[in-house]
>>> print(open('input_28.tsv').read())   # TSV, C-alpha atoms
chain	number	residue	atom	x	y	z
K	65	MET	CA	59.52	59.42	-70.05
K	66	GLU	CA	57.97	58.83	-73.47
K	67	GLN	CA	56.32	55.64	-72.28
K	68	ALA	CA	54.87	57.38	-69.22
K	69	PHE	CA	53.58	60.14	-71.46
K	70	THR	CA	52.01	57.70	-73.91
K	71	GLU	CA	50.29	55.90	-71.06
K	72	LEU	CA	49.01	59.20	-69.72
K	73	ILE	CA	47.65	60.16	-73.11
K	74	LYS	CA	45.96	56.79	-73.51
K	75	THR	CA	44.34	57.15	-70.11
K	76	HIS	CA	43.18	60.71	-70.72
K	77	GLN	CA	42.54	60.68	-74.43
K	78	ALA	CA	38.86	61.40	-73.82
K	79	LEU	CA	39.78	64.89	-72.58
K	80	ILE	CA	41.67	65.68	-75.77
K	81	TYR	CA	38.99	64.07	-77.88
K	82	LYS	CA	36.35	66.35	-76.31
K	83	VAL	CA	38.36	69.45	-77.24
K	84	CYS	CA	38.83	68.12	-80.78
K	85	HIS	CA	35.15	67.30	-81.04
K	86	VAL	CA	34.09	70.79	-80.03
K	87	TYR	CA	36.64	72.73	-82.12
K	88	ALA	CA	37.07	70.61	-85.24
K	89	ASN	CA	34.57	69.21	-87.69
K	90	GLY	CA	35.10	65.91	-89.43
K	91	ASP	CA	37.42	63.02	-88.65
K	92	GLU	CA	40.37	64.39	-90.61
K	93	ALA	CA	40.33	67.77	-88.87
K	94	ARG	CA	39.84	66.16	-85.45
K	95	ARG	CA	42.76	63.81	-86.03
K	96	ASP	CA	44.93	66.76	-87.09
K	97	LEU	CA	43.99	68.77	-84.00
K	98	PHE	CA	44.51	65.72	-81.79
K	99	GLN	CA	48.05	65.30	-83.13
K	100	GLU	CA	48.81	68.98	-82.61
K	101	ILE	CA	47.54	68.89	-79.02
K	102	VAL	CA	49.47	65.71	-78.19
K	103	ALA	CA	52.64	67.21	-79.69
K	104	GLN	CA	52.20	70.38	-77.62
K	105	LEU	CA	51.48	68.36	-74.46
K	106	TRP	CA	54.66	66.41	-75.11
K	107	ARG	CA	56.72	69.60	-75.45
K	108	ALA	CA	55.30	70.92	-72.18
K	109	PHE	CA	55.46	67.55	-70.37
K	110	PRO	CA	59.00	67.97	-68.90
K	111	LYS	CA	57.72	71.07	-67.06
K	112	TYR	CA	54.59	69.36	-65.78
K	113	ASN	CA	54.37	69.65	-62.02
K	114	THR	CA	52.70	66.58	-60.53
K	115	ASP	CA	51.16	68.76	-57.79
K	116	GLN	CA	49.04	70.31	-60.52
K	117	LYS	CA	45.81	68.66	-61.60
K	118	TRP	CA	46.41	66.87	-64.88
K	119	THR	CA	42.95	67.92	-66.12
K	120	THR	CA	43.46	71.67	-65.73
K	121	TRP	CA	47.02	71.49	-67.05
K	122	ALA	CA	45.99	69.46	-70.10
K	123	TYR	CA	42.93	71.62	-70.74
K	124	ARG	CA	45.06	74.78	-70.70
K	125	ILE	CA	47.35	73.39	-73.35
K	126	ALA	CA	44.62	71.80	-75.43
K	127	LEU	CA	42.51	74.96	-75.50
K	128	ASN	CA	45.53	77.14	-76.27
K	129	VAL	CA	46.28	74.93	-79.25
K	130	ALA	CA	42.65	74.71	-80.41
K	131	ILE	CA	41.92	78.44	-80.13
K	132	THR	CA	45.15	80.35	-80.66
K	133	GLN	CA	47.35	78.10	-82.80
K	134	TRP	CA	45.47	75.57	-84.83
K	135	ARG	CA	44.06	76.85	-88.10
K	136	LYS	CA	40.97	75.11	-89.34
K	137	PRO	CA	40.89	73.84	-92.91
K	138	GLU	CA	39.25	76.55	-95.06
K	139	LYS	CA	36.21	74.54	-96.08
K	140	VAL	CA	34.51	72.64	-93.27
K	141	SER	CA	30.98	71.50	-92.82
K	142	LEU	CA	29.23	71.35	-89.49
K	143	SER	CA	28.85	67.70	-88.62
K	144	TYR	CA	25.54	68.08	-86.88
K	145	SER	CA	23.98	70.98	-88.73
K	146	GLY	CA	22.06	68.72	-91.11
K	147	SER	CA	20.36	66.60	-88.51
K	148	PHE	CA	19.81	69.61	-86.27
K	149	GLN	CA	18.11	71.46	-89.11
K	150	ILE	CA	15.70	68.54	-89.60
K	151	ARG	CA	14.95	68.61	-85.87
K	152	LEU	CA	14.36	72.33	-86.00
K	153	GLU	CA	11.96	71.97	-88.88
K	154	GLN	CA	10.12	69.21	-87.07
K	155	SER	CA	9.91	71.11	-83.81
K	156	LEU	CA	8.19	74.23	-85.06
K	157	PRO	CA	6.04	75.91	-82.33
K	158	ASP	CA	2.73	74.69	-83.77
K	159	THR	CA	3.86	71.11	-84.10
K	160	PRO	CA	5.11	69.94	-80.68
K	161	TYR	CA	7.91	67.44	-81.02
K	162	ASP	CA	9.37	65.38	-78.24
K	163	PRO	CA	12.92	64.48	-79.23
K	164	THR	CA	14.61	61.28	-78.08
K	165	PRO	CA	17.69	61.59	-75.80
K	166	ASP	CA	19.98	60.93	-78.78
K	167	GLU	CA	18.30	63.65	-80.78
K	168	ARG	CA	18.56	66.08	-77.89
K	169	LEU	CA	22.24	65.23	-77.64
K	170	ALA	CA	22.73	65.77	-81.36
K	171	ALA	CA	20.89	69.09	-81.05
K	172	LEU	CA	23.18	70.05	-78.14
K	173	HIS	CA	26.26	69.28	-80.26
K	174	ALA	CA	24.82	71.37	-83.09
K	175	ALA	CA	24.02	74.25	-80.74
K	176	ILE	CA	27.55	74.14	-79.24
K	177	ALA	CA	29.00	74.20	-82.77
K	178	GLN	CA	27.32	77.58	-83.26
K	179	LEU	CA	28.94	79.17	-80.19
K	180	SER	CA	32.02	81.38	-80.34
K	181	PRO	CA	35.42	79.82	-79.46
K	182	ALA	CA	35.42	81.45	-75.99
K	183	GLU	CA	31.90	80.22	-75.24
K	184	LYS	CA	32.83	76.76	-76.50
K	185	ALA	CA	35.79	76.67	-74.10
K	186	LEU	CA	33.62	77.57	-71.10
K	187	ILE	CA	30.79	75.19	-71.88
K	188	LEU	CA	33.23	72.39	-72.66
K	189	LEU	CA	34.86	72.75	-69.26
K	190	TYR	CA	31.47	72.99	-67.58
K	191	LEU	CA	30.07	69.93	-69.37
K	192	ASP	CA	33.18	67.97	-68.44
K	193	GLY	CA	32.39	68.67	-64.80
K	194	LEU	CA	35.17	71.11	-63.87
K	195	SER	CA	34.49	73.34	-60.89
K	196	TYR	CA	34.28	77.12	-61.31
K	197	ALA	CA	37.70	77.37	-59.62
K	198	ASP	CA	39.21	74.99	-62.18
K	199	ILE	CA	37.47	76.77	-65.06
K	200	ALA	CA	38.92	80.05	-63.77
K	201	GLN	CA	42.40	78.48	-63.66
K	202	VAL	CA	42.16	77.18	-67.20
K	203	THR	CA	40.73	80.32	-68.76
K	204	GLY	CA	42.36	83.02	-66.63
K	205	ILE	CA	39.08	84.74	-65.75
K	206	THR	CA	37.66	85.05	-62.24
K	207	GLU	CA	35.33	82.45	-60.75
K	208	ASN	CA	32.54	85.04	-60.59
K	209	ASN	CA	32.96	85.90	-64.22
K	210	ALA	CA	33.06	82.22	-65.18
K	211	GLY	CA	29.79	81.65	-63.29
K	212	VAL	CA	28.06	84.61	-64.91
K	213	LYS	CA	29.23	83.67	-68.38
K	214	LEU	CA	28.27	80.04	-67.96
K	215	ASN	CA	24.76	80.95	-66.88
K	216	ARG	CA	24.44	83.14	-69.97
K	217	ILE	CA	25.77	80.43	-72.25
K	218	LYS	CA	23.50	77.80	-70.72
K	219	ALA	CA	20.51	80.08	-71.18
K	220	LYS	CA	21.59	80.75	-74.76
K	221	LEU	CA	21.94	77.04	-75.45
K	222	LYS	CA	18.58	76.36	-73.85
K	223	THR	CA	16.96	78.93	-76.13
K	224	MET	CA	18.72	77.42	-79.12
K	225	LEU	CA	17.56	73.97	-78.16
K	226	GLN	CA	14.00	75.09	-77.57
K	227	HIS	CA	13.53	77.48	-80.46
K	228	GLY	CA	16.36	76.63	-82.82
K	229	LYS	CA	17.50	80.25	-82.90
K	230	SER	CA	21.10	81.30	-82.46
V	57	MET	CA	29.28	84.63	-56.71
V	58	GLU	CA	26.22	84.01	-58.79
V	59	SER	CA	24.79	80.60	-58.03
V	60	PRO	CA	24.81	78.11	-60.85
V	61	GLU	CA	21.50	78.33	-62.60
V	62	GLN	CA	19.79	74.99	-62.99
V	63	ILE	CA	18.25	74.59	-66.36
V	64	PRO	CA	16.01	71.55	-66.42
V	65	GLY	CA	16.62	69.36	-69.42
V	66	PHE	CA	19.89	71.06	-70.29
V	67	ASP	CA	21.68	70.00	-67.12
V	68	ALA	CA	20.42	66.47	-67.61
V	69	LEU	CA	22.28	66.42	-70.91
V	70	GLN	CA	25.63	67.03	-69.20
V	71	ALA	CA	26.20	63.42	-68.15
V	72	GLN	CA	24.90	62.14	-71.46
V	73	TRP	CA	27.23	64.46	-73.37
V	74	ARG	CA	30.26	63.37	-71.37
V	75	GLN	CA	29.43	59.68	-71.61
V	76	SER	CA	28.79	59.84	-75.34
V	77	LEU	CA	32.10	61.58	-76.10
V	78	GLU	CA	34.04	59.24	-73.82
V	79	GLN	CA	32.57	56.27	-75.67
V	80	GLN	CA	33.37	57.88	-79.03
V	81	SER	CA	36.93	58.63	-77.99
V	82	GLY	CA	37.39	54.99	-76.94
V	83	ALA	CA	36.04	53.83	-80.28
V	84	ALA	CA	38.18	56.30	-82.23
V	85	ASP	CA	41.22	55.37	-80.10
V	86	LEU	CA	43.28	58.23	-81.47
V	87	ALA	CA	45.99	57.48	-78.95
V	88	ASP	CA	46.58	53.84	-79.92
V	89	PRO	CA	50.29	52.93	-79.92
V	90	ALA	CA	50.38	52.40	-83.67
V	91	PHE	CA	48.94	55.84	-84.28
V	92	LEU	CA	51.25	57.49	-81.77
V	93	SER	CA	54.18	55.79	-83.45
V	94	THR	CA	53.61	57.56	-86.77
V	95	ILE	CA	52.48	61.13	-87.39
V	96	THR	CA	52.02	62.15	-83.77
V	97	ARG	CA	55.47	60.87	-82.89
V	98	GLN	CA	56.94	62.87	-85.76
V	99	LYS	CA	55.23	65.98	-84.46
V	100	MET	CA	56.42	65.18	-80.93
V	101	GLN	CA	60.01	65.10	-82.19
V	102	GLN	CA	59.73	68.61	-83.60
V	103	GLN	CA	61.14	71.17	-81.22
V	104	THR	CA	58.93	74.03	-82.34
V	105	SER	CA	55.19	74.53	-82.43
V	106	GLU	CA	53.18	74.78	-85.65
V	107	THR	CA	52.89	78.57	-85.20
V	108	LEU	CA	56.62	78.98	-84.91
V	109	ARG	CA	57.23	76.76	-87.91
V	110	ARG	CA	54.76	78.85	-89.92
V	111	LEU	CA	56.66	81.91	-88.76
V	112	GLN	CA	59.94	80.33	-89.85
V	113	ARG	CA	58.54	79.62	-93.31
V	114	ASN	CA	57.25	83.18	-93.61
V	115	LEU	CA	60.57	84.55	-92.39
V	116	LEU	CA	62.42	82.60	-95.06
V	117	ALA	CA	60.06	83.98	-97.71
V	118	ASP	CA	60.56	87.52	-96.31
V	119	VAL	CA	64.35	87.22	-96.34
V	120	LEU	CA	64.31	85.95	-99.92
V	121	ALA	CA	61.94	88.75	-100.93
V	122	ALA	CA	64.18	91.35	-99.24
V	123	LEU	CA	67.24	89.99	-101.08
V	124	ALA	CA	65.34	89.88	-104.39
V	125	LEU	CA	64.21	93.49	-103.92
V	126	THR	CA	67.76	94.60	-103.13
V	127	ALA	CA	69.01	92.80	-106.24
V	128	ALA	CA	66.21	94.40	-108.30
V	129	GLY	CA	67.22	97.82	-106.97
V	130	TYR	CA	70.84	97.15	-107.89
V	131	PHE	CA	69.97	96.19	-111.46
V	132	PHE	CA	67.41	99.00	-111.75
V	133	GLN	CA	70.04	101.64	-111.01
V	134	GLY	CA	72.36	99.90	-113.50
V	135	TYR	CA	69.65	100.20	-116.13
V	136	PHE	CA	69.69	103.99	-115.75
V	137	GLY	CA	73.44	104.14	-115.67
V	138	ARG	CA	73.57	105.50	-112.10
V	139	HIS	CA	75.66	103.57	-109.63
V	140	LEU	CA	75.53	103.82	-105.87
V	141	PRO	CA	78.54	102.31	-104.10
V	142	GLY	CA	78.45	98.52	-103.58
V	143	ILE	CA	78.76	98.98	-99.83
V	144	PHE	CA	75.36	100.72	-99.88
V	145	TRP	CA	73.66	97.68	-101.45
V	146	LEU	CA	75.52	95.28	-99.19
V	147	GLY	CA	74.46	97.36	-96.17
V	148	LEU	CA	70.86	97.39	-97.39
V	149	ALA	CA	70.84	93.60	-97.82
V	150	VAL	CA	72.38	93.03	-94.37
V	151	PHE	CA	69.91	95.47	-92.80
V	152	SER	CA	66.87	93.79	-94.46
V	153	VAL	CA	67.91	90.30	-93.46
V	154	GLY	CA	68.96	91.44	-89.97
V	155	TYR	CA	65.64	93.20	-89.44
V	156	HIS	CA	63.64	90.06	-90.26
V	157	VAL	CA	65.84	87.76	-88.22
V	158	ASN	CA	65.69	90.14	-85.24
V	159	LEU	CA	61.91	90.29	-85.45
V	160	PHE	CA	61.72	86.51	-85.63
V	161	PHE	CA	63.75	86.09	-82.44
V	162	LYS	CA	61.70	88.77	-80.67
V	163	LEU	CA	58.53	86.89	-81.55
V	164	LYS	CA	60.07	83.57	-80.58
V	165	LYS	CA	60.90	84.99	-77.18
V	166	GLN	CA	57.27	86.01	-76.81
V	167	GLU	CA	56.01	82.54	-77.66
V	168	PRO	CA	53.60	81.89	-74.80
V	169	ALA	CA	54.31	79.05	-72.40
V	170	PRO	CA	52.18	76.17	-73.68
V	171	ASP	CA	50.49	75.79	-70.30
V	172	ALA	CA	49.64	79.48	-69.91
V	173	ASN	CA	45.99	80.10	-69.16
V	174	LEU	CA	43.77	80.84	-72.13
V	175	LEU	CA	43.60	84.60	-71.54
V	176	ASP	CA	47.40	84.97	-71.20
V	177	GLY	CA	47.94	82.73	-74.22
V	178	LEU	CA	45.56	84.86	-76.26
V	179	GLN	CA	47.19	88.09	-75.09
V	180	MET	CA	50.68	86.98	-76.05
V	181	ARG	CA	49.61	85.56	-79.39
V	182	ILE	CA	47.73	88.76	-80.27
V	183	THR	CA	50.76	90.92	-79.36
V	184	ALA	CA	52.99	88.79	-81.57
V	185	LEU	CA	50.54	88.84	-84.47
V	186	GLU	CA	50.05	92.60	-84.21
V	187	LYS	CA	53.82	93.10	-84.40
V	188	LEU	CA	53.96	90.99	-87.53
V	189	LEU	CA	50.99	92.79	-89.07
V	190	GLY	CA	52.60	96.16	-88.32
V	191	MET	CA	55.85	95.09	-89.96
V	192	TYR	CA	54.12	93.86	-93.11
V	193	ARG	CA	51.97	97.00	-93.36
V	194	ARG	CA	55.01	99.27	-93.01
V	195	THR	CA	56.85	97.20	-95.60
V	196	GLY	CA	53.83	97.46	-97.93
V	197	ARG	CA	53.70	101.24	-97.57
V	198	LEU	CA	57.45	101.55	-98.11
V	199	LEU	CA	57.31	99.37	-101.22
V	200	ALA	CA	54.41	101.41	-102.59
V	201	VAL	CA	56.35	104.65	-102.08
V	202	LEU	CA	59.47	103.12	-103.64
V	203	LEU	CA	57.51	101.88	-106.64
V	204	PHE	CA	55.87	105.27	-107.10
V	205	GLY	CA	59.26	107.02	-106.85
V	206	ALA	CA	60.90	104.62	-109.30
V	207	LEU	CA	58.11	104.99	-111.88
V	208	ILE	CA	58.11	108.80	-111.59
V	209	TYR	CA	61.89	108.86	-111.87
V	210	ARG	CA	61.66	106.70	-115.00
V	211	ALA	CA	59.00	108.99	-116.52
V	212	LEU	CA	60.95	112.18	-115.77
V	213	ARG	CA	64.12	110.68	-117.15
V	214	SER	CA	62.49	109.41	-120.35
V	215	GLU	CA	61.10	112.91	-121.03
V	216	GLY	CA	64.46	114.49	-120.34
V	217	VAL	CA	63.16	116.61	-117.44
V	218	LEU	CA	66.05	115.54	-115.22
V	219	ASP	CA	68.59	116.85	-117.75
V	220	GLU	CA	66.90	119.91	-119.26
V	221	GLY	CA	64.24	120.89	-116.70
V	222	PRO	CA	60.46	121.18	-117.21
V	223	VAL	CA	60.65	124.31	-119.40
V	224	ALA	CA	61.79	122.26	-122.37
V	225	LEU	CA	58.55	120.20	-122.45
V	226	ASP	CA	55.76	120.72	-124.97
V	227	ARG	CA	52.06	120.23	-124.27
V	228	MET	CA	52.00	116.56	-125.38
V	229	GLN	CA	54.96	115.74	-123.17
V	230	TYR	CA	53.22	117.32	-120.16
V	231	LEU	CA	50.15	115.24	-120.94
V	232	TRP	CA	52.20	112.05	-121.24
V	233	LEU	CA	53.96	112.86	-117.96
V	234	PHE	CA	50.57	113.36	-116.34
V	235	VAL	CA	49.36	109.96	-117.63
V	236	GLN	CA	52.52	108.26	-116.37
V	237	THR	CA	52.07	109.86	-112.94
V	238	GLY	CA	48.54	108.46	-112.88
V	239	ILE	CA	49.83	105.01	-113.80
V	240	ALA	CA	52.51	105.24	-111.10
V	241	LEU	CA	49.90	106.25	-108.54
V	242	LEU	CA	47.61	103.39	-109.54
V	243	ALA	CA	50.48	100.90	-109.40
V	244	ALA	CA	51.52	102.12	-105.94
V	245	VAL	CA	47.98	102.04	-104.56
V	246	GLY	CA	47.44	98.61	-106.17
V	247	LEU	CA	50.63	97.28	-104.63
V	248	GLU	CA	49.64	98.49	-101.17
V	249	PHE	CA	46.15	97.05	-101.60
V	250	CYS	CA	47.56	93.64	-102.64
V	251	MET	CA	49.99	93.67	-99.75
V	252	LYS	CA	47.20	94.53	-97.30
V	253	TRP	CA	45.00	91.77	-98.71
V	254	TYR	CA	47.81	89.23	-98.49
V	255	VAL	CA	48.74	90.19	-94.93
V	256	ASP	CA	45.10	90.12	-93.91
V	257	LYS	CA	44.76	86.62	-95.38
V	258	LEU	CA	47.99	85.51	-93.73
V	259	TYR	CA	47.48	86.87	-90.20
V	260	GLY	CA	44.76	89.55	-90.09
V	261	ARG	CA	41.63	87.38	-89.92
V	262	HIS	CA	43.18	85.05	-87.38
V	263	CYS	CA	44.29	88.04	-85.28
V	264	ARG	CA	40.81	89.60	-85.37
V	265	ALA	CA	39.26	86.29	-84.30
V	266	LEU	CA	41.67	86.11	-81.35
V	267	VAL	CA	40.96	89.72	-80.34
V	268	GLU	CA	37.23	88.95	-80.40
V	269	CYS	CA	37.82	85.85	-78.27
V	270	ARG	CA	39.85	87.88	-75.74
V	271	ARG	CA	37.15	90.57	-75.62
V	272	GLU	CA	34.50	87.94	-74.94
V	273	LEU	CA	36.51	86.41	-72.12
V	274	GLN	CA	37.35	89.77	-70.55
V	275	GLU	CA	33.92	91.37	-70.65
V	276	VAL	CA	31.92	90.97	-67.45
>>> encode(input="input_28.tsv", output="structure tokens")
Amino acid sequence: MEQAFTELIKTHQALIYKVCHVYANGDEARRDLFQEIVAQLWRAFPKYNTDQKWTTWAYRIALNVAITQWRKPEKVSLSYSGSFQIRLEQSLPDTPYDPTPDERLAALHAAIAQLSPAEKALILLYLDGLSYADIAQVTGITENNAGVKLNRIKAKLKTMLQHGKS
Amino acid sequence: MESPEQIPGFDALQAQWRQSLEQQSGAADLADPAFLSTITRQKMQQQTSETLRRLQRNLLADVLAALALTAAGYFFQGYFGRHLPGIFWLGLAVFSVGYHVNLFFKLKKQEPAPDANLLDGLQMRITALEKLLGMYRRTGRLLAVLLFGALIYRALRSEGVLDEGPVALDRMQYLWLFVQTGIALLAAVGLEFCMKWYVDKLYGRHCRALVECRRELQEV
């Protein structure tokens, strides 16, 4: 069973990595969160029903660990805040600035880092391409509510990306 | 259901975001066999979650504190030459330890299923944390009252009020008694404040963050 689990983790490590990337800052913290999520997945693995989608099952566990259990180290720095700040300064309204795709991506990471844990969970699931039904299953809210919230978060992120205001 | 709002530029970033993190995760290879064979494997072998282990550590500290307080009470009464029966102290120690152990198992039972949805997980964690916070706050208040009572008792006894009554006191003794009452009050309030601060640091902030997260998810 352990070998099957290890293979599964290797195949789907990107999913866990995304959660770690959104909720933890710095390699050390991400590694710590990754270990905690893998350990929790392992504990829950015997009860995993293969009829269930692995993605929603794993996301439930990973988000539960990241939000409700894992405690961040006291002093953390936002990995993207520095570069984002430079972008913000360069893209003041009077001085139009056309960022490169990499810069836009970095700005998106920085903007996501400023969201609340609940908003992070929703946007993470959305960005990873989960349907509203799957998002509702993972978070426990209704599909309607998930849709409404996601539209708000997307608009908020858009504003942050355009004006650099949280 | 509200239709997904297309935000030009932002939606285009979705694929880029996913691709970039998938590449990074491959490069980081956090799940490589060597890595899984060390720390992660150790964590996988542990039967309890990090939260429960933290709870176990706190429980141990609580039990030791309860026993230390009982022992302090026992010696304190000896200091004043008053002796309550040994069975009373034994009962108190058993009650304190039993109370903490019982609470621990109650909380363990409420440990949310790891694959519960986020809202249910939050709800159960908040309930457990609020129970713990309530217990610590009650303990803090009780300790403050006990400390106040012990200090007042000591003051009254040192002035001989317990033996001869207040009529035998002169003006200076009344003043000294008043000062000691003030000190006792300050000590009790200080103790409760410290306890509140400690509990808040231990669980309070985390609990408030979870409540806020639940509120955000629930609001429409």
>>> closest_residue(input="input_28.tsv", among="V:Trp232, V:Trp73, V:Tyr155, V:Phe204", to="chain K", atoms="all atoms listed in the file")
V:Trp73
>>> interface_residues(input="input_28.tsv", of="chain K", to="chain V", cutoff="8 Å", atoms="all atoms listed in the file", output="PyMOL selection string")
chain K and resi 70+73-74+77-78+81-82+95+98-100+102-108+121-122+124-125+127-128+131-134+168-169+180-182+191-192+201-205+207-209+211-213+215+218-219+222
>>> closest_residue(input="input_28.tsv", among="K:Leu221, K:Trp118, K:Gln226, K:Tyr196", to="K:Ala177", atoms="all atoms listed in the file")
K:Leu221
>>> axis_aligned_box(input="input_28.tsv", around="stretch 198-209 of chain K", padding_each_side="6 Å", output="JSON")
{"center_x": 37.5, "center_y": 80.4, "center_z": -64.7, "size_x": 21.9, "size_y": 22.9, "size_z": 20.2}
>>> atom_distance(input="input_28.tsv", atom1="atom CA of V:Thr195", atom2="atom CA of V:Val150")
16.1 Å
>>> atom_distance(input="input_28.tsv", atom1="atom CA of V:Leu202", atom2="atom CA of V:Leu225")
25.4 Å
>>> residues_around(input="input_28.tsv", residues="stretch 84-90 of chain K", least_positions_apart="2", cutoff="9 Å", atoms="all atoms listed in the file", output="PyMOL selection string")
(chain K and resi 79-82+92-98+101+126+130-131+136+140-143+173+176-177+181+184-185+188) or (chain V and resi 77)
>>> atom_distance(input="input_28.tsv", atom1="atom CA of K:Val83", atom2="atom CA of K:Leu189")
9.3 Å
>>> residues_around(input="input_28.tsv", residues="V:Phe144", least_positions_apart="3", cutoff="12 Å", atoms="all atoms listed in the file", output="number ranges by chain")
V: 126-127, 129-130, 139-141, 147-151
>>> residues_around(input="input_28.tsv", residues="V:Val153", least_positions_apart="3", cutoff="8 Å", atoms="all atoms listed in the file", output="NGL selection string")
:V and (119 or 122-123 or 149-150 or 156-157)
>>> write_last_selection(input="input_28.tsv", atoms="C-alpha atoms", output="mmCIF file, keeping the file's coordinate frame")
data_model
loop_
_atom_site.group_PDB
_atom_site.id
_atom_site.type_symbol
_atom_site.label_atom_id
_atom_site.label_comp_id
_atom_site.auth_asym_id
_atom_site.auth_seq_id
_atom_site.Cartn_x
_atom_site.Cartn_y
_atom_site.Cartn_z
ATOM 1 C CA VAL V 119 64.350 87.220 -96.340
ATOM 2 C CA ALA V 122 64.180 91.350 -99.240
ATOM 3 C CA LEU V 123 67.240 89.990 -101.080
ATOM 4 C CA ALA V 149 70.840 93.600 -97.820
ATOM 5 C CA VAL V 150 72.380 93.030 -94.370
ATOM 6 C CA HIS V 156 63.640 90.060 -90.260
ATOM 7 C CA VAL V 157 65.840 87.760 -88.220
#
